[in-house]
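Remarks on the structure that follows.
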Amino acid sequence: MSKTLEPMYSPARRHRLLTPANLRSSALPAALIMLMLLGATLARIGAQTAHAALYPDDRRQAMTEADASRFAGAGVLMCYSDFGTLERAAAAWLIGSHDLVVMNAHNFVDRRLAPTHPVTNCFFRIAGGDYYFDEDSLRIGASVESKALHITDDWALLRLLQPTPQTVKPQPAPDASDIATGARFKVVMVSPAGHANTRLAATTESCDVYRIDEPTEGHTRRVRHDCNDGYGGSGSGLFTEDGRLVAMHSASLDMNQKRPFDIETHYGSAMLFEGELAEAIRDAASKPR
């Protein structure tokens, strides 16, 4: 493509015509120095924040083989970006059967439910194997009457074209309906896809649920927690200390801002496995292909 010529009397051209050559030549090194200083400053800021925890206290640890055995079904949603590069998109869980996967709906639609990412651009990775989805099986939590995606209907179910081997165990169909509204208890967040703000490929973290809200969309309750998270950590599982999956992380307020936990303004949000989400998993897992 040929270069677009500037108009004869454009501001840029008038500047070059009227500015003495010696001033223009001396300004160039100064501008270069300023750009170098700015780049160095941005690099320092990036180094400080790129691997920062959501909260000042970072308790995340690398996920081990023992963790993978204890927290069955932990996998990763892998997707191709618009530029064709393969990326870890989010955590996903083999659940209820060997061909059913649960994850966040916002991997495929935006908050206004407009499609953003085709299912065919993604696949499920677990235990060293890659498994493709049946694109026609996609079901998301938001109802047809909804005009927006909320925390408690931000879930999606997909069938695999081929089931995983028997050696790859799914997470049992969960049910957290026995957890009381307003409850506070300790959990372990399992993030098999890691986060963009940690160097660890997959993490676990002991943290706390501070409150269970009243039911909203889908008869499901939101969980407010202080587990560290970051971009790419969506879909992470919240397990009780005895190893029971009870919730799936969806989003964090002020994502990646490192400051103290505040239950009203700066906290992690997850949805309990109950209501329509739990029913959909049980229904899908009980039906043969």
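Naming scheme: A, B, ... for chains in displayed order of the structure tokens; residues 1 onward per chain; ligands 1 onward as shown.
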
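Residues in contact with region 277-281 of chain A at up to 8 Å, not including ones fewer than 5 positions away on its chain and judged by only C-alpha atoms, are Ile95, Gly96, Gly141, Asp153, Trp155, Leu157, Ala173, Pro174, Asp175, Gly218 and Thr220 of chain A.
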
Give me, as a PDB file with N, CA, C and O atoms, in the first residue's frame, all polymer residues having an atom no more than 6 Å from Glu205 (chain A), counting only C-alpha atoms and skipping those fewer than 6 positions away in the same chain.
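Output contents, as saved in out-v4.pdb:
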ATOM      1  N   ARG A  59      -1.298 -17.230  48.576  1.00  0.00           N
ATOM      2  CA  ARG A  59      -1.110 -18.576  49.123  1.00  0.00           C
ATOM      3  C   ARG A  59      -1.156 -19.651  48.038  1.00  0.00           C
ATOM      4  O   ARG A  59      -1.264 -20.834  48.353  1.00  0.00           O
ATOM      5  N   ARG A  60      -1.074 -19.263  46.784  1.00  0.00           N
ATOM      6  CA  ARG A  60      -1.159 -20.236  45.707  1.00  0.00           C
ATOM      7  C   ARG A  60       0.075 -21.124  45.648  1.00  0.00           C
ATOM      8  O   ARG A  60       1.195 -20.663  45.849  1.00  0.00           O
ATOM      9  N   VAL A 188     -10.642 -25.006  49.162  1.00  0.00           N
ATOM     10  CA  VAL A 188      -9.427 -25.058  48.339  1.00  0.00           C
ATOM     11  C   VAL A 188      -9.836 -24.706  46.921  1.00  0.00           C
ATOM     12  O   VAL A 188     -10.707 -25.360  46.337  1.00  0.00           O
ATOM     13  N   MET A 189      -9.245 -23.638  46.372  1.00  0.00           N
ATOM     14  CA  MET A 189      -9.488 -23.317  44.971  1.00  0.00           C
ATOM     15  C   MET A 189      -8.493 -24.077  44.115  1.00  0.00           C
ATOM     16  O   MET A 189      -7.276 -23.979  44.321  1.00  0.00           O
TER      17      MET A 189
END

- Task: as a VMD selection string, list the residues of region 38-276 of chain A assigned to strand (DSSP E) by DSSP on the backbone atoms of this structure.
- Result: chain A and resid 61 to 62 74 to 80 86 to 94 100 to 103 122 to 126 129 to 140 156 to 160 185 to 191 203 to 215 221 to 225 237 to 240 245 to 252 268 to 272

- Would you mind listing what lies within 8 Å of region 158-163 of chain A as a PyMOL selection string, with only C-alpha atoms counted and same-chain residues fewer than 6 positions away left out? chain A and resi 98-102+131-135+137-139

- Task: Enumerate as a PyMOL selection string all residues of region 145-247 of chain A assigned to helix (DSSP H, G or I) by DSSP on the backbone, naming them with the chain letters and numbers the document uses.
- Result: chain A and resi 151-153+217-219

Using only C-alpha atoms, what does the table of region 70-136 of chain A residues within 7 Å of region 190-204 of chain A look like, with each row giving the shortest atom pair and its distance in Å to one decimal, sorted by chain and ascending number, as JSON lines?
{"residue": "A:Ala74", "atom": "CA", "partner": "A:Pro192", "partner_atom": "CA", "distance": 6.0}
{"residue": "A:Gly75", "atom": "CA", "partner": "A:Pro192", "partner_atom": "CA", "distance": 5.9}
{"residue": "A:Val76", "atom": "CA", "partner": "A:Ala193", "partner_atom": "CA", "distance": 5.4}
{"residue": "A:Arg88", "atom": "CA", "partner": "A:Ala193", "partner_atom": "CA", "distance": 6.3}
{"residue": "A:Ala90", "atom": "CA", "partner": "A:Ala193", "partner_atom": "CA", "distance": 5.7}
{"residue": "A:Ala91", "atom": "CA", "partner": "A:Ala193", "partner_atom": "CA", "distance": 5.0}

Output all heavy atoms for every residue in that selection, as a PDB file, in the first residue's frame.
ATOM      1  N   ALA A  74     -10.189 -32.419  36.721  1.00  0.00           N
ATOM      2  CA  ALA A  74      -9.585 -31.105  36.457  1.00  0.00           C
ATOM      3  C   ALA A  74      -8.956 -31.071  35.075  1.00  0.00           C
ATOM      4  O   ALA A  74      -8.061 -31.859  34.770  1.00  0.00           O
ATOM      5  CB  ALA A  74      -8.535 -30.787  37.522  1.00  0.00           C
ATOM      6  N   GLY A  75      -9.423 -30.147  34.242  1.00  0.00           N
ATOM      7  CA  GLY A  75      -8.892 -30.020  32.890  1.00  0.00           C
ATOM      8  C   GLY A  75      -8.809 -28.566  32.471  1.00  0.00           C
ATOM      9  O   GLY A  75      -9.072 -27.651  33.256  1.00  0.00           O
ATOM     10  N   VAL A  76      -8.452 -28.363  31.209  1.00  0.00           N
ATOM     11  CA  VAL A  76      -8.234 -27.022  30.684  1.00  0.00           C
ATOM     12  C   VAL A  76      -8.983 -26.860  29.365  1.00  0.00           C
ATOM     13  O   VAL A  76      -8.928 -27.739  28.501  1.00  0.00           O
ATOM     14  CB  VAL A  76      -6.728 -26.751  30.445  1.00  0.00           C
ATOM     15  CG1 VAL A  76      -6.511 -25.331  29.945  1.00  0.00           C
ATOM     16  CG2 VAL A  76      -5.926 -26.994  31.718  1.00  0.00           C
ATOM     17  N   ARG A  88      -4.342 -21.327  26.700  1.00  0.00           N
ATOM     18  CA  ARG A  88      -5.179 -21.833  27.789  1.00  0.00           C
ATOM     19  C   ARG A  88      -6.257 -20.796  28.064  1.00  0.00           C
ATOM     20  O   ARG A  88      -5.958 -19.698  28.514  1.00  0.00           O
ATOM     21  CB  ARG A  88      -4.343 -22.080  29.036  1.00  0.00           C
ATOM     22  CG  ARG A  88      -3.358 -23.244  28.906  1.00  0.00           C
ATOM     23  CD  ARG A  88      -2.576 -23.428  30.172  1.00  0.00           C
ATOM     24  NE  ARG A  88      -1.761 -22.258  30.482  1.00  0.00           N
ATOM     25  CZ  ARG A  88      -1.140 -22.038  31.627  1.00  0.00           C
ATOM     26  NH1 ARG A  88      -1.254 -22.911  32.609  1.00  0.00           N
ATOM     27  NH2 ARG A  88      -0.417 -20.966  31.814  1.00  0.00           N
ATOM     28  N   ALA A  90      -9.316 -21.294  29.966  1.00  0.00           N
ATOM     29  CA  ALA A  90      -9.974 -21.330  31.281  1.00  0.00           C
ATOM     30  C   ALA A  90      -9.892 -22.738  31.849  1.00  0.00           C
ATOM     31  O   ALA A  90      -9.542 -23.695  31.148  1.00  0.00           O
ATOM     32  CB  ALA A  90     -11.440 -20.899  31.150  1.00  0.00           C
ATOM     33  N   ALA A  91     -10.267 -22.863  33.116  1.00  0.00           N
ATOM     34  CA  ALA A  91     -10.417 -24.180  33.730  1.00  0.00           C
ATOM     35  C   ALA A  91     -11.728 -24.803  33.254  1.00  0.00           C
ATOM     36  O   ALA A  91     -12.692 -24.107  32.936  1.00  0.00           O
ATOM     37  CB  ALA A  91     -10.423 -24.050  35.245  1.00  0.00           C
TER      38      ALA A  91
END

- For region 241-251 of chain A: contacts at 8 Å, only C-alpha atoms, fewer than 3 positions along chain excluded, given as JSON, numbers by chain: {"A": [70, 71, 104, 151, 154, 174, 175, 176, 186, 187, 188, 223, 233, 234, 235, 236, 237, 238, 255, 268, 269, 270, 271, 272, 273]}

- Task: Using only C-alpha atoms, find the one residue out of A:Ala72, A:Glu276, A:Cys79, A:Ile212 that sits nearest to Phe108 (chain A).
- Result: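 Looking only at the distances to Phe108 (chain A), the closest residue turns out to be A:Cys79.
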
- Could you work out how far CA of Pro288 (chain A) lies from CA of Leu149 (chain A), giving the answer in Å with one decimal?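 Here the two named atoms are 29.5 Å from each other.
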
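The residue set within 10 Å of Arg259 (chain A), counting only C-alpha atoms and dropping same-chain residues fewer than 4 places from it, reads A:Ala53, A:Leu54, A:Tyr55, A:Pro56, A:Asp57, A:Asp254, A:His266.
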